[in-house]
>>> print(open('coords.cif').read())   # mmCIF, C-alpha atoms
data_model
loop_
_atom_site.label_atom_id
_atom_site.label_comp_id
_atom_site.auth_asym_id
_atom_site.auth_seq_id
_atom_site.Cartn_x
_atom_site.Cartn_y
_atom_site.Cartn_z
CA MET Q 1 12.26 33.31 25.15
CA SER Q 2 12.74 31.52 21.83
CA ALA Q 3 10.42 31.86 18.85
CA ARG Q 4 9.35 28.27 19.54
CA ASN Q 5 8.31 29.04 23.13
CA ARG Q 6 6.56 32.28 22.14
CA ILE Q 7 4.57 30.49 19.43
CA LEU Q 8 3.54 27.66 21.77
CA ALA Q 9 2.70 30.10 24.61
CA LYS Q 10 0.52 32.17 22.27
CA LEU Q 11 -1.31 29.05 21.11
CA ARG Q 12 -1.79 27.79 24.69
CA GLY Q 13 -3.20 31.20 25.63
CA SER Q 14 -5.96 30.90 23.03
CA GLN Q 15 -6.83 27.22 23.55
CA PRO Q 16 -10.44 26.40 24.39
CA ALA Q 17 -11.03 25.58 28.07
CA GLN Q 18 -12.65 22.26 27.20
CA ALA Q 19 -10.86 19.65 25.13
CA LYS Q 20 -12.72 18.37 22.06
CA ALA Q 21 -13.72 14.73 21.88
CA LEU Q 22 -11.55 12.49 19.73
CA PRO Q 23 -13.40 12.06 16.39
CA ASP Q 24 -14.84 8.56 16.02
CA LEU Q 25 -13.63 7.35 12.63
CA ALA Q 26 -14.85 3.81 13.16
CA ALA Q 27 -18.39 5.16 13.63
CA HIS Q 28 -18.23 6.50 10.08
CA TYR Q 29 -16.49 3.57 8.40
CA THR Q 30 -17.84 0.49 10.21
CA PRO Q 31 -21.48 0.84 9.03
CA ARG Q 32 -20.19 1.39 5.49
CA ALA Q 33 -18.06 -1.77 5.41
CA ARG Q 34 -19.05 -3.79 2.35
CA GLY Q 35 -17.99 -7.21 3.54
CA GLU Q 36 -16.88 -7.93 0.00
CA SER Q 37 -14.78 -10.87 -1.18
CA LYS Q 38 -11.18 -10.57 -2.36
CA ALA Q 39 -12.41 -10.88 -5.95
CA GLU Q 40 -14.91 -8.04 -5.44
CA ARG Q 41 -12.22 -5.82 -3.94
CA LEU Q 42 -9.94 -6.60 -6.88
CA ALA Q 43 -12.74 -5.79 -9.35
CA ARG Q 44 -13.42 -2.45 -7.64
CA PHE Q 45 -9.70 -1.57 -7.57
CA ARG Q 46 -9.43 -2.48 -11.24
CA THR Q 47 -12.43 -0.39 -12.33
CA GLY Q 48 -11.07 2.58 -10.39
CA ILE Q 49 -7.49 2.55 -11.63
CA GLU Q 50 -8.46 1.69 -15.23
CA GLY Q 51 -10.79 4.72 -15.10
CA PHE Q 52 -7.61 6.79 -14.72
CA HIS Q 53 -5.91 5.12 -17.70
CA ALA Q 54 -3.75 2.57 -15.91
CA GLU Q 55 -3.41 -0.91 -17.44
CA VAL Q 56 -4.19 -3.91 -15.26
CA HIS Q 57 -3.12 -7.49 -16.05
CA LEU Q 58 -4.02 -10.50 -13.92
CA THR Q 59 -1.34 -13.09 -13.38
CA THR Q 60 -0.06 -15.62 -10.84
CA GLU Q 61 2.96 -15.92 -8.59
CA SER Q 62 4.58 -18.35 -11.03
CA ASP Q 63 3.70 -16.52 -14.26
CA TRP Q 64 4.34 -12.83 -13.61
CA PRO Q 65 7.94 -12.70 -14.91
CA ALA Q 66 6.77 -14.17 -18.25
CA LEU Q 67 3.90 -11.67 -18.40
CA LEU Q 68 6.32 -8.83 -17.68
CA ALA Q 69 8.57 -10.08 -20.51
CA ARG Q 70 5.60 -10.09 -22.94
CA LEU Q 71 4.53 -6.60 -21.88
CA CYS Q 72 8.09 -5.32 -22.31
CA ALA Q 73 8.15 -6.79 -25.83
CA ASP Q 74 4.73 -5.24 -26.68
CA LYS Q 75 5.86 -1.83 -25.42
CA GLN Q 76 9.31 -2.09 -27.02
CA VAL Q 77 11.07 -1.66 -23.70
CA GLY Q 78 14.81 -1.93 -24.31
CA THR Q 79 16.04 -1.25 -20.78
CA LEU Q 80 14.18 -2.03 -17.56
CA MET Q 81 15.45 -0.82 -14.20
CA PHE Q 82 14.43 -2.61 -10.98
CA GLY Q 83 15.37 -2.95 -7.33
CA ALA Q 84 17.40 -6.15 -7.07
CA ALA Q 85 17.24 -6.41 -3.28
CA THR Q 86 13.50 -7.16 -3.02
CA PRO Q 87 11.87 -10.62 -3.32
CA ALA Q 88 10.35 -9.65 -6.69
CA GLY Q 89 13.65 -8.12 -7.83
CA ARG Q 90 15.56 -11.32 -7.04
CA ARG Q 91 12.93 -13.30 -8.95
CA LEU Q 92 13.18 -10.95 -11.94
CA ALA Q 93 16.99 -11.07 -11.95
CA GLY Q 94 16.80 -14.85 -12.37
CA SER Q 95 14.12 -14.72 -15.09
CA SER Q 96 14.39 -14.66 -18.84
CA VAL Q 97 13.30 -11.35 -20.35
CA PRO Q 98 14.39 -11.64 -24.00
CA ASN Q 99 15.73 -8.54 -25.77
CA VAL Q 100 15.47 -6.44 -22.60
CA GLU Q 101 18.48 -5.17 -20.69
CA LEU Q 102 17.70 -5.65 -16.99
CA ARG Q 103 19.43 -2.95 -14.98
CA PRO Q 104 19.44 -3.40 -11.20
CA TRP Q 105 19.36 -0.15 -9.20
CA ALA Q 106 22.84 0.14 -7.79
CA GLY Q 107 24.88 2.89 -6.25
CA GLN Q 108 23.85 6.44 -5.52
CA PHE Q 109 21.26 8.42 -7.47
CA GLU Q 110 23.95 10.75 -8.83
CA ASP Q 111 25.78 7.78 -10.37
CA ILE Q 112 22.83 6.66 -12.47
CA LYS Q 113 20.91 9.92 -12.90
CA ALA Q 114 21.82 10.43 -16.56
CA ASP Q 115 20.85 6.86 -17.48
CA LEU Q 116 17.66 7.02 -15.46
CA PHE Q 117 16.46 10.19 -17.20
CA HIS Q 118 17.65 9.42 -20.74
CA ARG Q 119 18.19 5.71 -21.31
CA ILE Q 120 15.85 3.68 -19.06
CA ASP Q 121 12.52 2.89 -20.77
CA ALA Q 122 10.73 1.48 -17.75
CA GLY Q 123 10.96 1.04 -13.98
CA PHE Q 124 9.67 -1.98 -12.06
CA THR Q 125 8.65 -1.85 -8.39
CA GLN Q 126 6.53 -3.83 -5.96
CA ALA Q 127 3.39 -2.23 -4.55
CA ARG Q 128 2.85 -2.54 -0.80
CA GLY Q 129 -0.90 -2.80 -1.34
CA ALA Q 130 -3.83 -1.01 -2.92
CA ILE Q 131 -7.14 0.70 -2.16
CA ALA Q 132 -10.32 -0.58 -3.81
CA GLU Q 133 -12.43 2.53 -3.11
CA THR Q 134 -10.20 4.92 -5.03
CA GLY Q 135 -8.36 2.50 -7.33
CA SER Q 136 -4.97 3.45 -5.90
CA LEU Q 137 -1.69 1.62 -5.47
CA ILE Q 138 0.12 2.01 -2.16
CA VAL Q 139 3.86 2.28 -2.82
CA TRP Q 140 6.40 2.83 -0.06
CA SER Q 141 9.76 3.86 -1.43
CA SER Q 142 12.87 2.45 0.21
CA ALA Q 143 16.62 2.22 -0.32
CA ALA Q 144 15.97 -0.98 -2.32
CA GLU Q 145 13.28 0.66 -4.48
CA PRO Q 146 13.86 4.43 -4.42
CA ARG Q 147 11.11 6.86 -5.41
CA SER Q 148 12.92 7.77 -8.65
CA LEU Q 149 12.42 4.21 -9.92
CA SER Q 150 8.63 4.63 -10.09
CA LEU Q 151 8.72 8.33 -10.99
CA VAL Q 152 11.31 8.98 -13.67
CA PRO Q 153 11.15 6.30 -16.42
CA PRO Q 154 8.29 6.76 -18.97
CA ILE Q 155 6.68 3.43 -18.01
CA HIS Q 156 6.09 2.19 -14.45
CA PHE Q 157 5.40 -1.53 -14.00
CA ALA Q 158 4.00 -2.26 -10.53
CA LEU Q 159 3.59 -5.75 -9.07
CA LEU Q 160 0.61 -6.08 -6.73
CA ASP Q 161 -0.63 -9.04 -4.71
CA ALA Q 162 -4.47 -9.06 -4.80
CA ALA Q 163 -4.47 -10.21 -1.15
CA THR Q 164 -3.10 -6.78 -0.15
CA ILE Q 165 -5.98 -4.73 -1.59
CA HIS Q 166 -7.80 -2.87 1.20
CA PRO Q 167 -11.40 -1.63 0.88
CA THR Q 168 -10.51 1.96 1.89
CA PHE Q 169 -7.46 4.05 2.78
CA TYR Q 170 -8.76 4.06 6.37
CA ASP Q 171 -8.67 0.24 6.40
CA ALA Q 172 -5.06 0.32 5.15
CA LEU Q 173 -4.00 2.83 7.83
CA VAL Q 174 -5.63 0.87 10.64
CA SER Q 175 -4.88 -2.72 9.64
CA GLU Q 176 -1.26 -2.01 8.71
CA ASN Q 177 -0.80 0.31 11.72
CA TRP Q 178 0.81 3.14 9.76
CA ALA Q 179 0.96 5.19 12.97
CA ALA Q 180 3.80 2.93 14.13
CA GLY Q 181 6.20 4.26 11.49
CA LEU Q 182 6.36 5.62 7.99
CA PRO Q 183 8.95 5.71 5.21
CA THR Q 184 10.27 8.97 3.71
CA ASN Q 185 7.77 8.62 0.85
CA ALA Q 186 4.41 6.86 1.25
CA LEU Q 187 2.70 7.09 -2.13
CA LEU Q 188 -0.83 6.61 -3.40
CA ILE Q 189 -0.68 6.17 -7.18
CA SER Q 190 -3.98 6.17 -9.07
CA GLY Q 191 -2.81 6.31 -12.69
CA PRO Q 192 -0.08 7.61 -14.96
CA SER Q 193 1.10 11.19 -14.46
CA LYS Q 194 -1.30 13.68 -15.98
CA THR Q 195 -2.15 17.35 -15.92
CA ALA Q 196 -4.84 19.59 -17.40
CA ASP Q 197 -3.26 22.82 -16.16
CA ILE Q 198 -2.94 24.32 -19.60
CA GLN Q 199 -6.20 25.07 -21.40
CA GLN Q 200 -7.84 22.08 -19.66
CA THR Q 201 -6.22 19.77 -22.21
CA LEU Q 202 -5.32 16.46 -20.62
CA ALA Q 203 -1.65 15.58 -21.13
CA TYR Q 204 0.03 12.40 -19.85
CA GLY Q 205 3.58 12.11 -18.53
CA ALA Q 206 3.80 15.69 -17.27
CA HIS Q 207 5.59 15.05 -13.97
CA GLY Q 208 6.04 11.28 -14.02
CA PRO Q 209 5.44 8.12 -16.06
CA LYS Q 210 3.26 8.28 -19.17
CA GLU Q 211 2.11 4.70 -18.60
CA LEU Q 212 1.23 2.81 -15.43
CA VAL Q 213 1.00 -0.95 -15.85
CA VAL Q 214 -0.17 -3.04 -12.88
CA LEU Q 215 0.54 -6.78 -12.73
CA VAL Q 216 -1.83 -8.28 -10.17
CA ILE Q 217 -0.92 -11.62 -8.63
CA ASN Q 218 -4.17 -13.43 -8.01
CA ALA Q 219 -3.71 -16.87 -6.48
CA GLU Q 220 -4.61 -19.80 -8.71
CA GLY Q 221 -8.23 -20.79 -8.32
CA ASP Q 222 -9.37 -17.36 -7.14
CA ALA Q 223 -12.09 -15.87 -9.27
CA ALA Q 224 -11.32 -12.44 -10.66
CA MET Y 225 1.46 55.04 -6.88
CA SER Y 226 4.02 52.54 -5.66
CA THR Y 227 7.03 53.03 -3.46
CA GLN Y 228 10.14 50.90 -3.39
CA ALA Y 229 11.41 49.07 -0.33
CA GLN Y 230 13.67 46.09 0.17
CA ASN Y 231 12.87 42.72 1.62
CA ILE Y 232 15.26 40.82 3.84
CA ALA Y 233 17.16 39.45 0.85
CA GLY Y 234 17.74 42.99 -0.42
CA GLN Y 235 15.33 42.62 -3.33
CA PRO Y 236 12.89 45.43 -4.11
CA ILE Y 237 9.26 45.04 -2.98
CA ALA Y 238 6.58 47.26 -4.51
CA PHE Y 239 3.88 48.61 -2.17
CA VAL Y 240 0.59 49.58 -3.77
CA SER Y 241 -1.56 52.23 -2.07
CA ALA Y 242 -5.09 51.30 -0.99
CA GLN Y 243 -6.50 53.71 -3.57
CA ALA Y 244 -4.46 52.18 -6.40
CA LEU Y 245 -5.38 48.69 -5.24
CA ARG Y 246 -9.10 49.57 -5.35
CA ALA Y 247 -8.69 50.91 -8.87
CA ARG Y 248 -6.89 47.75 -9.95
CA MET Y 249 -9.56 45.57 -8.34
CA HIS Y 250 -12.30 47.54 -10.11
CA ASP Y 251 -10.58 47.02 -13.46
CA ALA Y 252 -10.00 43.30 -12.81
CA VAL Y 253 -13.58 42.64 -11.66
CA ASN Y 254 -14.92 44.35 -14.75
CA ASP Y 255 -12.63 42.53 -17.16
CA ALA Y 256 -15.08 40.35 -19.14
CA HIS Y 257 -12.39 38.07 -20.50
CA LEU Y 258 -10.89 37.44 -17.05
CA ARG Y 259 -14.34 36.76 -15.56
CA GLN Y 260 -15.12 34.28 -18.31
CA SER Y 261 -11.79 32.49 -17.78
CA PHE Y 262 -12.36 32.25 -14.02
CA ARG Y 263 -15.95 31.05 -14.46
CA GLY Y 264 -14.81 28.36 -16.90
CA ALA Y 265 -11.94 27.20 -14.66
CA MET Y 266 -14.12 27.13 -11.51
CA ASP Y 267 -16.98 25.27 -13.22
CA PHE Y 268 -14.48 22.73 -14.58
CA LEU Y 269 -12.84 22.16 -11.18
CA MET Y 270 -16.12 22.09 -9.22
CA ALA Y 271 -17.70 19.58 -11.63
CA LYS Y 272 -14.65 17.32 -11.41
CA ARG Y 273 -14.72 17.39 -7.60
CA ALA Y 274 -18.49 16.84 -7.45
CA ALA Y 275 -18.09 13.78 -9.72
CA GLN Y 276 -15.93 12.15 -7.02
CA PHE Y 277 -18.77 12.41 -4.47
CA PRO Y 278 -21.92 11.23 -6.24
CA ASP Y 279 -23.67 10.38 -2.91
CA GLU Y 280 -24.64 13.58 -1.11
CA GLY Y 281 -25.22 11.85 2.24
CA GLU Y 282 -21.77 10.28 2.07
CA LEU Y 283 -20.21 13.63 1.24
CA GLU Y 284 -21.97 15.32 4.18
CA SER Y 285 -20.87 12.55 6.56
CA LEU Y 286 -17.25 12.86 5.40
CA ARG Y 287 -17.45 16.64 5.71
CA GLY Y 288 -18.75 16.34 9.27
CA LEU Y 289 -15.99 13.90 10.15
CA SER Y 290 -13.32 16.10 8.56
CA GLU Y 291 -14.60 19.14 10.46
CA ALA Y 292 -14.51 17.17 13.75
CA ILE Y 293 -10.89 16.14 13.03
CA ARG Y 294 -10.00 19.76 12.25
CA GLN Y 295 -11.62 21.14 15.41
CA TYR Y 296 -10.05 18.42 17.56
CA SER Y 297 -6.62 19.10 16.10
CA LEU Y 298 -6.91 22.90 16.44
CA ALA Y 299 -7.93 22.53 20.08
CA LYS Y 300 -4.79 20.43 20.70
CA LEU Y 301 -2.48 22.38 18.42
CA PRO Y 302 0.39 23.17 20.86
CA THR Y 303 0.62 19.53 21.98
CA LEU Y 304 0.41 18.29 18.38
CA LEU Y 305 3.15 20.70 17.27
CA GLU Y 306 5.44 19.47 20.04
CA GLN Y 307 4.68 15.87 19.10
CA LEU Y 308 5.35 16.67 15.43
CA GLU Y 309 8.67 18.31 16.31
CA ALA Y 310 9.73 15.32 18.43
CA ASN Y 311 8.85 12.84 15.67
CA LEU Y 312 10.43 14.93 12.90
CA THR Y 313 13.63 15.24 14.94
CA ARG Y 314 13.61 11.50 15.61
CA ASN Y 315 13.38 10.94 11.83
CA GLY Y 316 16.47 13.10 11.29
CA ILE Y 317 14.61 16.23 10.16
CA GLN Y 318 15.77 19.60 11.52
CA VAL Y 319 12.93 21.83 12.74
CA HIS Y 320 13.05 25.65 12.82
CA TRP Y 321 10.40 27.92 14.35
CA ALA Y 322 9.58 31.34 12.93
CA GLU Y 323 6.98 33.78 14.23
CA THR Y 324 6.77 35.86 11.06
CA PRO Y 325 7.34 35.35 7.32
CA ASP Y 326 10.43 37.59 7.62
CA GLU Y 327 11.90 35.31 10.30
CA ALA Y 328 11.18 32.25 8.14
CA ASN Y 329 12.82 33.90 5.12
CA ALA Y 330 15.86 34.89 7.21
CA ILE Y 331 16.27 31.28 8.40
CA MET Y 332 16.06 29.92 4.85
CA LEU Y 333 18.41 32.57 3.49
CA GLY Y 334 20.90 31.84 6.29
CA ILE Y 335 20.87 28.12 5.47
CA ALA Y 336 21.27 28.80 1.74
CA GLN Y 337 24.18 31.19 2.42
CA ARG Y 338 25.93 28.77 4.78
CA HIS Y 339 25.88 26.20 1.98
CA ALA Y 340 26.87 28.79 -0.65
CA ALA Y 341 23.71 27.85 -2.59
CA LYS Y 342 23.50 29.33 -6.09
CA LEU Y 343 20.20 27.87 -7.21
CA VAL Y 344 17.11 27.06 -5.15
CA VAL Y 345 14.13 25.06 -6.43
CA LYS Y 346 10.68 25.85 -5.06
CA GLY Y 347 7.73 23.44 -5.19
CA LYS Y 348 4.33 24.91 -5.88
#
>>> encode(input="coords.cif", output="structure tokens")
Amino acid sequence: MSARNRILAKLRGSQPAQAKALPDLAAHYTPRARGESKAERLARFRTGIEGFHAEVHLTTESDWPALLARLCADKQVGTLMFGAATPAGRRLAGSSVPNVELRPWAGQFEDIKADLFHRIDAGFTQARGAIAETGSLIVWSSAAEPRSLSLVPPIHFALLDAATIHPTFYDALVSENWAAGLPTNALLISGPSKTADIQQTLAYGAHGPKELVVLVINAEGDAA
Amino acid sequence: MSTQAQNIAGQPIAFVSAQALRARMHDAVNDAHLRQSFRGAMDFLMAKRAAQFPDEGELESLRGLSEAIRQYSLAKLPTLLEQLEANLTRNGIQVHWAETPDEANAIMLGIAQRHAAKLVVKGK
């Protein structure tokens, strides 16, 4: 008998005779639903993530590349790395970002590792969505936008569509049907990297970006 | 008070007798500086966690729900483990089963040796 079969047999031997009822998550969350507008969800997301020292800038579908260019100038970003194979990446590649070297992610990690760690000032990725309750971005890494792009450079610019902000993580899991399939890394990012491990002194950029800058696309005419 | 043995990787492990352990525990519990450090760290962490749940009713409801999920999952553990293994395998992840820490260590050491690994990084 293999270790696997022995482990499973031991567990089956100590299982309760009666199965437990499936916990009713909807019974907890449904009465708590706020029925808030898109603008209210955005405001709650913004308060939450700004509370953890992220920057949030409102923009529109047509204006975000120009906003990104201004933010890069303000933060003296010399080199910005991005995933060129996404809709936002294609848009960025065709945009004017003065005085910034735009580096598309290309090739294998090993090929660009040295540049990524030592020469890239900022990474740009799209966010899949966000969570209003906790002020968190939902980022799914992919071959087009690998995890290193949002983790390694000192500044992470994230592009978020306000229409994809969910009230709670539960709402995101259910409405997007995460059970149907997940990427290698599904991330919830609620601010720049920080730690207070040493003498309870808060330090930023310990295991990831020092700055998190969120560009929120809010359709023209929508109140924010 | 300690004797030397070797673990599966051939490194020495120190065993401490029950008597020596009690003496060490007595010293540690009566170390004023250590107690103060622990108190400070625990108060800091507990206050930070409490600040995330300002509504006590909400916290209790979430705790109840979490406990129900835990009990449900424990009652179905063998089935869930088989489902996990099937899904991990489908995602290209290789699954090993070990009944004891020694078995788990032997598996990891075997893999490292097969790949002639010189340096291994451990996450905390």
>>> resolve_selection(input="coords.cif", expression="the PyMOL selection byres ((chain Y) within 10 of (chain Q))", output="ChimeraX atom specification")
/Y:261,264-265,268-269,276,282,285-286,288-303,305-306,311,315,320-324,327
>>> atom_distance(input="coords.cif", atom1="atom CA of His207 of chain Q", atom2="atom CA of Ser193 of chain Q")
5.9 Å
>>> atom_distance(input="coords.cif", atom1="atom CA of Ser190 of chain Q", atom2="atom CA of Leu312 of chain Y")
27.7 Å
>>> residues_around(input="coords.cif", residues="Ala162 of chain Q", least_positions_apart="4", cutoff="7 Å", atoms="only C-alpha atoms", output="ChimeraX atom specification")
/Q:42,216-218
>>> write_last_selection(input="coords.cif", atoms="C-alpha atoms", output="JSON list (two decimals), keeping the file's coordinate frame")
[["chain", "number", "residue", "atom", "x", "y", "z"],
["Q", 42, "LEU", "CA", -9.94, -6.60, -6.88],
["Q", 216, "VAL", "CA", -1.83, -8.28, -10.17],
["Q", 217, "ILE", "CA", -0.92, -11.62, -8.63],
["Q", 218, "ASN", "CA", -4.17, -13.43, -8.01]]
>>> resolve_selection(input="coords.cif", expression="the PyMOL selection byres ((chain Q and resi 138-141) around 9)", output="PDB file with C-alpha atoms, in the frame of the given file")
ATOM      1  CA  THR Q 125       8.650  -1.850  -8.390  1.00  0.00           C
ATOM      2  CA  GLN Q 126       6.530  -3.830  -5.960  1.00  0.00           C
ATOM      3  CA  ALA Q 127       3.390  -2.230  -4.550  1.00  0.00           C
ATOM      4  CA  ARG Q 128       2.850  -2.540  -0.800  1.00  0.00           C
ATOM      5  CA  GLY Q 129      -0.900  -2.800  -1.340  1.00  0.00           C
ATOM      6  CA  ALA Q 130      -3.830  -1.010  -2.920  1.00  0.00           C
ATOM      7  CA  ILE Q 131      -7.140   0.700  -2.160  1.00  0.00           C
ATOM      8  CA  SER Q 136      -4.970   3.450  -5.900  1.00  0.00           C
ATOM      9  CA  LEU Q 137      -1.690   1.620  -5.470  1.00  0.00           C
ATOM     10  CA  SER Q 142      12.870   2.450   0.210  1.00  0.00           C
ATOM     11  CA  ALA Q 143      16.620   2.220  -0.320  1.00  0.00           C
ATOM     12  CA  ALA Q 144      15.970  -0.980  -2.320  1.00  0.00           C
ATOM     13  CA  GLU Q 145      13.280   0.660  -4.480  1.00  0.00           C
ATOM     14  CA  PRO Q 146      13.860   4.430  -4.420  1.00  0.00           C
ATOM     15  CA  ARG Q 147      11.110   6.860  -5.410  1.00  0.00           C
ATOM     16  CA  SER Q 148      12.920   7.770  -8.650  1.00  0.00           C
ATOM     17  CA  LEU Q 149      12.420   4.210  -9.920  1.00  0.00           C
ATOM     18  CA  SER Q 150       8.630   4.630 -10.090  1.00  0.00           C
ATOM     19  CA  ALA Q 158       4.000  -2.260 -10.530  1.00  0.00           C
ATOM     20  CA  LEU Q 182       6.360   5.620   7.990  1.00  0.00           C
ATOM     21  CA  PRO Q 183       8.950   5.710   5.210  1.00  0.00           C
ATOM     22  CA  THR Q 184      10.270   8.970   3.710  1.00  0.00           C
ATOM     23  CA  ASN Q 185       7.770   8.620   0.850  1.00  0.00           C
ATOM     24  CA  ALA Q 186       4.410   6.860   1.250  1.00  0.00           C
ATOM     25  CA  LEU Q 187       2.700   7.090  -2.130  1.00  0.00           C
ATOM     26  CA  LEU Q 188      -0.830   6.610  -3.400  1.00  0.00           C
ATOM     27  CA  ILE Q 189      -0.680   6.170  -7.180  1.00  0.00           C
TER      28      ILE Q 189
END
>>> resolve_selection(input="coords.cif", expression="the PyMOL selection byres ((chain Q and resi 170) around 12)", output="list in words")
Leu25, Ala26, His28, Tyr29, Thr30, Arg32, Ala33, Ala130, Ile131, Ala132, Glu133, Thr134, His166, Pro167, Thr168, Phe169, Asp171, Ala172, Leu173, Val174, Ser175, Glu176, Asn177, Trp178 and Ala179 of chain Q
>>> atom_distance(input="coords.cif", atom1="atom CA of Arg119 of chain Q", atom2="atom CA of Thr195 of chain Q")
24.0 Å
>>> decode(input="coords.cif", residues="segment 156-163 of chain Q", atoms="all heavy atoms", output="mmCIF file, in the first residue's frame")
data_model
loop_
_atom_site.group_PDB
_atom_site.id
_atom_site.type_symbol
_atom_site.label_atom_id
_atom_site.label_comp_id
_atom_site.auth_asym_id
_atom_site.auth_seq_id
_atom_site.Cartn_x
_atom_site.Cartn_y
_atom_site.Cartn_z
ATOM 1 N N HIS Q 156 5.007 50.358 -9.330
ATOM 2 C CA HIS Q 156 4.051 49.563 -10.103
ATOM 3 C C HIS Q 156 2.876 50.462 -10.489
ATOM 4 O O HIS Q 156 2.160 50.966 -9.622
ATOM 5 C CB HIS Q 156 3.556 48.368 -9.275
ATOM 6 C CG HIS Q 156 2.476 47.564 -9.939
ATOM 7 N ND1 HIS Q 156 1.559 46.820 -9.233
ATOM 8 C CD2 HIS Q 156 2.169 47.391 -11.257
ATOM 9 C CE1 HIS Q 156 0.730 46.231 -10.095
ATOM 10 N NE2 HIS Q 156 1.079 46.561 -11.306
ATOM 11 N N PHE Q 157 2.708 50.691 -11.790
ATOM 12 C CA PHE Q 157 1.529 51.381 -12.310
ATOM 13 C C PHE Q 157 0.503 50.305 -12.686
ATOM 14 O O PHE Q 157 0.830 49.376 -13.441
ATOM 15 C CB PHE Q 157 1.864 52.182 -13.574
ATOM 16 C CG PHE Q 157 2.722 53.389 -13.333
ATOM 17 C CD1 PHE Q 157 4.052 53.408 -13.731
ATOM 18 C CD2 PHE Q 157 2.193 54.523 -12.722
ATOM 19 C CE1 PHE Q 157 4.855 54.523 -13.526
ATOM 20 C CE2 PHE Q 157 2.983 55.656 -12.516
ATOM 21 C CZ PHE Q 157 4.313 55.653 -12.917
ATOM 22 N N ALA Q 158 -0.717 50.440 -12.171
ATOM 23 C CA ALA Q 158 -1.766 49.469 -12.503
ATOM 24 C C ALA Q 158 -2.942 50.203 -13.123
ATOM 25 O O ALA Q 158 -3.398 51.220 -12.591
ATOM 26 C CB ALA Q 158 -2.210 48.720 -11.251
ATOM 27 N N LEU Q 159 -3.422 49.687 -14.248
ATOM 28 C CA LEU Q 159 -4.569 50.284 -14.940
ATOM 29 C C LEU Q 159 -5.822 49.502 -14.561
ATOM 30 O O LEU Q 159 -5.877 48.289 -14.728
ATOM 31 C CB LEU Q 159 -4.352 50.223 -16.452
ATOM 32 C CG LEU Q 159 -5.413 50.898 -17.317
ATOM 33 C CD1 LEU Q 159 -5.400 52.414 -17.114
ATOM 34 C CD2 LEU Q 159 -5.199 50.566 -18.797
ATOM 35 N N LEU Q 160 -6.811 50.200 -14.033
ATOM 36 C CA LEU Q 160 -8.034 49.556 -13.550
ATOM 37 C C LEU Q 160 -9.252 50.217 -14.174
ATOM 38 O O LEU Q 160 -9.351 51.445 -14.206
ATOM 39 C CB LEU Q 160 -8.102 49.689 -12.015
ATOM 40 C CG LEU Q 160 -9.420 49.278 -11.351
ATOM 41 C CD1 LEU Q 160 -9.593 47.765 -11.396
ATOM 42 C CD2 LEU Q 160 -9.475 49.767 -9.903
ATOM 43 N N ASP Q 161 -10.187 49.394 -14.648
ATOM 44 C CA ASP Q 161 -11.465 49.913 -15.143
ATOM 45 C C ASP Q 161 -12.453 49.930 -13.969
ATOM 46 O O ASP Q 161 -12.693 48.886 -13.348
ATOM 47 C CB ASP Q 161 -11.973 48.992 -16.273
ATOM 48 C CG ASP Q 161 -13.239 49.542 -16.925
ATOM 49 O OD1 ASP Q 161 -13.942 50.356 -16.280
ATOM 50 O OD2 ASP Q 161 -13.512 49.154 -18.076
ATOM 51 N N ALA Q 162 -13.011 51.093 -13.657
ATOM 52 C CA ALA Q 162 -13.914 51.218 -12.497
ATOM 53 C C ALA Q 162 -15.099 50.256 -12.587
ATOM 54 O O ALA Q 162 -15.661 49.862 -11.563
ATOM 55 C CB ALA Q 162 -14.411 52.655 -12.372
ATOM 56 N N ALA Q 163 -15.465 49.856 -13.808
ATOM 57 C CA ALA Q 163 -16.604 48.939 -13.976
ATOM 58 C C ALA Q 163 -16.300 47.540 -13.442
ATOM 59 O O ALA Q 163 -17.212 46.729 -13.271
ATOM 60 C CB ALA Q 163 -16.985 48.854 -15.458
#
